[in-house]
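What follows is the content of coords24.cif (mmCIF, C-alpha atoms).
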data_upload
loop_
_atom_site.label_atom_id
_atom_site.label_comp_id
_atom_site.auth_asym_id
_atom_site.auth_seq_id
_atom_site.Cartn_x
_atom_site.Cartn_y
_atom_site.Cartn_z
CA MET U 1 82.57 101.54 80.17
CA GLY U 2 85.58 100.91 77.99
CA THR U 3 88.78 99.15 78.84
CA ALA U 4 90.77 102.38 78.70
CA GLN U 5 88.54 104.04 81.30
CA VAL U 6 88.73 101.00 83.61
CA CYS U 7 92.53 101.07 83.27
CA LEU U 8 92.59 104.79 84.15
CA ILE U 9 90.43 104.18 87.20
CA GLY U 10 92.78 101.35 88.19
CA ALA U 11 95.76 103.68 87.76
CA VAL U 12 94.15 106.28 90.04
CA MET U 13 93.49 103.52 92.61
CA LEU U 14 97.10 102.37 92.39
CA LEU U 15 98.28 105.95 92.82
CA GLY U 16 96.05 106.19 95.90
CA VAL U 17 97.43 102.98 97.41
CA VAL U 18 101.01 104.11 96.78
CA GLY U 19 100.13 107.60 97.99
CA VAL U 20 99.13 106.34 101.43
CA SER U 21 102.78 106.08 102.45
CA ALA U 22 104.05 109.08 100.48
CA PRO U 23 104.01 112.37 102.36
CA GLY U 24 101.59 114.93 100.96
CA VAL U 25 99.65 112.56 98.68
CA PRO U 26 95.98 112.07 99.64
CA GLY U 27 95.88 108.31 99.05
CA THR U 28 92.53 107.69 100.71
CA LEU U 29 90.89 110.50 98.77
CA LEU U 30 92.30 109.20 95.47
CA CYS U 31 90.94 105.70 96.12
CA TRP U 32 87.53 107.07 97.00
CA ALA U 33 87.51 109.39 93.97
CA ALA U 34 88.34 106.47 91.67
CA VAL U 35 85.40 104.46 93.04
CA LEU U 36 83.16 107.52 92.69
CA TRP U 37 84.26 107.96 89.07
CA TRP U 38 83.54 104.30 88.37
CA ALA U 39 80.15 104.32 90.12
CA THR U 40 78.95 107.45 88.35
CA SER U 41 80.00 106.00 85.00
CA GLU U 42 78.40 102.56 85.44
CA HIS U 43 75.15 103.32 87.35
CA THR U 44 74.44 99.80 88.63
CA THR U 45 73.40 98.55 92.03
CA LEU U 46 76.76 96.83 92.45
CA THR U 47 78.74 99.99 91.72
CA TRP U 48 76.67 102.09 94.11
CA GLY U 49 77.01 99.40 96.78
CA VAL U 50 80.80 99.36 96.38
CA LEU U 51 80.83 103.18 96.57
CA ALA U 52 78.72 103.15 99.74
CA GLY U 53 80.93 100.49 101.33
CA ALA U 54 84.10 102.33 100.31
CA THR U 55 82.76 105.60 101.69
CA GLY U 56 81.90 104.00 105.01
CA LEU U 57 85.18 102.09 105.34
CA LEU U 58 87.37 105.05 104.40
CA ALA U 59 85.43 107.33 106.76
CA VAL U 60 85.92 104.87 109.62
CA ALA U 61 89.63 104.66 108.76
CA GLN U 62 89.92 108.45 108.93
CA VAL U 63 88.22 108.51 112.34
CA VAL U 64 90.58 105.80 113.59
CA LEU U 65 93.56 107.78 112.29
CA TRP U 66 92.26 110.90 113.99
CA LEU U 67 91.93 109.02 117.30
CA MET U 68 95.44 107.53 117.12
CA PRO U 69 98.21 109.45 118.86
CA SER U 70 100.08 111.77 116.55
CA ARG U 71 103.73 110.94 116.02
CA ARG U 72 106.25 112.60 113.78
CA ILE U 73 108.39 110.47 111.53
CA ARG U 74 111.23 113.01 111.45
CA ASP U 75 111.68 112.83 115.22
CA SER U 76 112.04 109.04 115.26
CA GLY U 77 114.99 108.64 112.88
CA VAL U 78 112.92 106.52 110.49
CA THR U 79 113.50 107.20 106.80
CA TRP U 80 110.67 107.69 104.31
CA ARG U 81 112.43 105.18 102.09
CA THR U 82 111.88 102.50 104.72
CA VAL U 83 108.18 103.34 104.94
CA MET U 84 107.77 103.38 101.14
CA ILE U 85 109.52 100.01 100.69
CA ALA U 86 107.50 98.47 103.51
CA SER U 87 104.26 99.81 102.03
CA GLY U 88 105.11 98.32 98.65
CA VAL U 89 105.81 94.92 100.19
CA ALA U 90 102.60 95.19 102.24
CA THR U 91 100.61 95.88 99.08
CA ALA U 92 102.06 92.82 97.36
CA GLY U 93 101.56 90.79 100.52
CA PHE U 94 97.89 91.79 100.69
CA PHE U 95 97.22 90.13 97.35
CA LEU U 96 99.60 87.16 97.82
CA VAL U 97 98.34 86.22 101.30
CA PRO U 98 94.91 87.87 101.51
CA VAL U 99 94.59 90.46 104.27
CA LEU U 100 97.24 89.01 106.65
CA GLY U 101 100.00 89.52 104.09
CA ALA U 102 99.84 93.31 104.47
CA PRO U 103 100.82 93.67 108.14
CA LEU U 104 103.26 90.75 107.91
CA GLY U 105 104.83 92.17 104.74
CA PHE U 106 105.06 95.67 106.21
CA THR U 107 106.74 94.54 109.41
CA GLY U 108 109.01 92.05 107.65
CA ALA U 109 110.11 94.59 105.05
CA VAL U 110 110.93 97.15 107.74
CA TYR U 111 113.02 94.57 109.60
CA VAL U 112 114.90 93.40 106.48
CA HIS U 113 115.52 96.98 105.29
CA GLU U 114 116.74 98.12 108.71
CA ARG U 115 118.90 95.01 109.12
CA ALA U 116 120.58 95.75 105.77
CA ARG U 117 120.92 99.45 106.64
CA ILE U 118 122.04 99.14 110.27
CA GLY U 119 123.30 95.55 110.53
CA GLY U 120 122.68 93.16 113.38
CA HIS U 121 119.49 91.62 114.67
CA ARG U 122 119.15 93.59 117.91
CA ALA U 123 119.54 97.02 116.27
CA ALA U 124 117.23 96.07 113.37
CA TRP U 125 114.56 94.75 115.71
CA SER U 126 114.77 97.91 117.82
CA ALA U 127 114.41 100.05 114.69
CA THR U 128 111.46 97.93 113.52
CA ARG U 129 109.67 98.45 116.83
CA ARG U 130 110.37 102.19 116.61
CA VAL U 131 108.97 102.33 113.05
CA MET U 132 105.86 100.42 114.07
CA ARG U 133 105.27 102.70 117.05
CA THR U 134 105.87 105.86 115.05
CA VAL U 135 104.11 105.32 111.74
CA GLY U 136 103.31 101.64 111.39
CA GLY U 137 99.87 101.78 112.93
CA SER U 138 98.62 104.80 111.04
CA VAL U 139 100.10 103.72 107.70
CA LEU U 140 98.72 100.20 108.12
CA VAL U 141 95.21 101.42 108.99
CA GLU U 142 95.06 103.68 105.96
CA LEU U 143 96.79 101.18 103.66
CA MET U 144 94.49 98.32 104.69
CA ALA U 145 91.41 100.48 104.11
CA CYS U 146 92.61 101.47 100.63
CA LEU U 147 93.61 97.89 99.80
CA ILE U 148 90.20 96.54 100.86
CA VAL U 149 88.47 99.19 98.72
CA THR U 150 90.75 98.35 95.79
CA GLY U 151 90.11 94.63 96.24
CA ALA U 152 86.34 95.21 96.33
CA TRP U 153 86.58 97.32 93.18
CA VAL U 154 88.64 94.66 91.36
CA GLY U 155 86.13 91.99 92.46
CA ALA U 156 83.20 94.07 91.27
CA VAL U 157 84.84 94.80 87.91
CA VAL U 158 85.58 91.12 87.37
CA ALA U 159 82.07 90.11 88.49
CA GLY U 160 80.80 92.61 86.07
#
As structure tokens, how would this structure be written, given the file I've shared?
Amino acid sequence: MGTAQVCLIGAVMLLGVVGVSAPGVPGTLLCWAAVLWWATSEHTTLTWGVLAGATGLLAVAQVVLWLMPSRRIRDSGVTWRTVMIASGVATAGFFLVPVLGAPLGFTGAVYVHERARIGGHRAAWSATRRVMRTVGGSVLVELMACLIVTGAWVGAVVAG
């Protein structure tokens, strides 16, 4: 597999990770499709193992999302911009502080963004709790699953 194809697969994975928090973008499906593309191009035991693991993890994440209570972001007063910024910080946090950086980055980014938008600790903390109750759990479950799949793919590509 050439460098260009690996970069394209990485771009699709990145689009999937970003798409988790964007409305209407099937982020989980994009991450899985990128791993499928890679596995069917490489045909090694490692690639098929990563595909099997990704399939299982993403399927479990979808079941967890289905079991979580449904909440509407529009009804809570939370902006999509807040969720997108928090997801971006969570993605960076995942790689800076492995695994724990994602939930800490997500929550921290929501608080900082709401504090700048609303002003005051009490109002920002209340808004952060509202965001976490409304969309935080579902976005974090899906984002963590996609980030773990992306991390496994990057590890497998580097390992070779």
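The spacing separating atom CA of Val50 of chain U from atom CA of Val97 of chain U amounts to 22.5 Å.
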Between U:Ile118, U:Leu140, U:Met1, U:Leu147, single out the one closest to Thr44 of chain U, counting all atoms listed in the file.
U:Met1
Two-atom distance - atom CA of Leu65 of chain U, atom CA of Gly19 of chain U (Å):
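Interatomic distance here is 15.7 Å.
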Given the choices U:Ala4, U:Gly136, U:Cys146, U:Ala159, which gets closest to Gly53 of chain U if the distance is worked out from all atoms listed in the file?
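Of the candidates, the smallest distance to Gly53 of chain U is held by U:Cys146.
For the set U:Val139, U:Met132, U:Leu46, U:Val35, the residue with the smallest atom-to-atom gap to Tyr111 of chain U is U:Met132, counting only C-alpha atoms.
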Please write as a VMD selection string the full residue list that the PyMOL selection byres ((chain U and resi 21) around 12) yields on this file.
chain U and resid 15 to 20 22 to 28 73 79 to 91 106 135 to 144 146
Env of Ala39 of chain U: 12 Å cut, atoms = all atoms listed in the file, seq-sep filter 3 positions within chain, self excluded. Answer as a list of chain:residue names.
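Non-adjacent residues within range: U:Met1, U:Val6, U:Ile9, U:Trp32, U:Ala33, U:Ala34, U:Val35, U:Leu36, U:Glu42, U:His43, U:Thr44, U:Thr45, U:Leu46, U:Thr47, U:Trp48, U:Gly49, U:Val50, U:Leu51, U:Ala52, U:Gly53, U:Ala54, U:Thr55, U:Trp153, U:Ala156, U:Val157.
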Provide the atom CA of Leu30 of chain U to atom CA of Leu14 of chain U distance in Å, to one decimal place.
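That distance, rounded to one decimal, is 8.9 Å.
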Closest to Thr150 of chain U among U:Gly2, U:Pro98, U:Gly10, U:Gly108, using all atoms listed in the file?
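Among the listed residues, U:Gly10 lies closest to Thr150 of chain U.
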Pick the closest to Glu114 of chain U from U:Phe95, U:Val63, U:Val78, U:Thr134: which is it, counting all atoms listed in the file?
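For Glu114 of chain U, the nearest of the candidates is U:Val78.
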Would you please work out which residue, of U:Gly151, U:Ala116, U:Val110, U:Leu100, is nearest to Val131 of chain U when using all atoms listed in the file?
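Closest to Val131 of chain U of all the choices is U:Val110.
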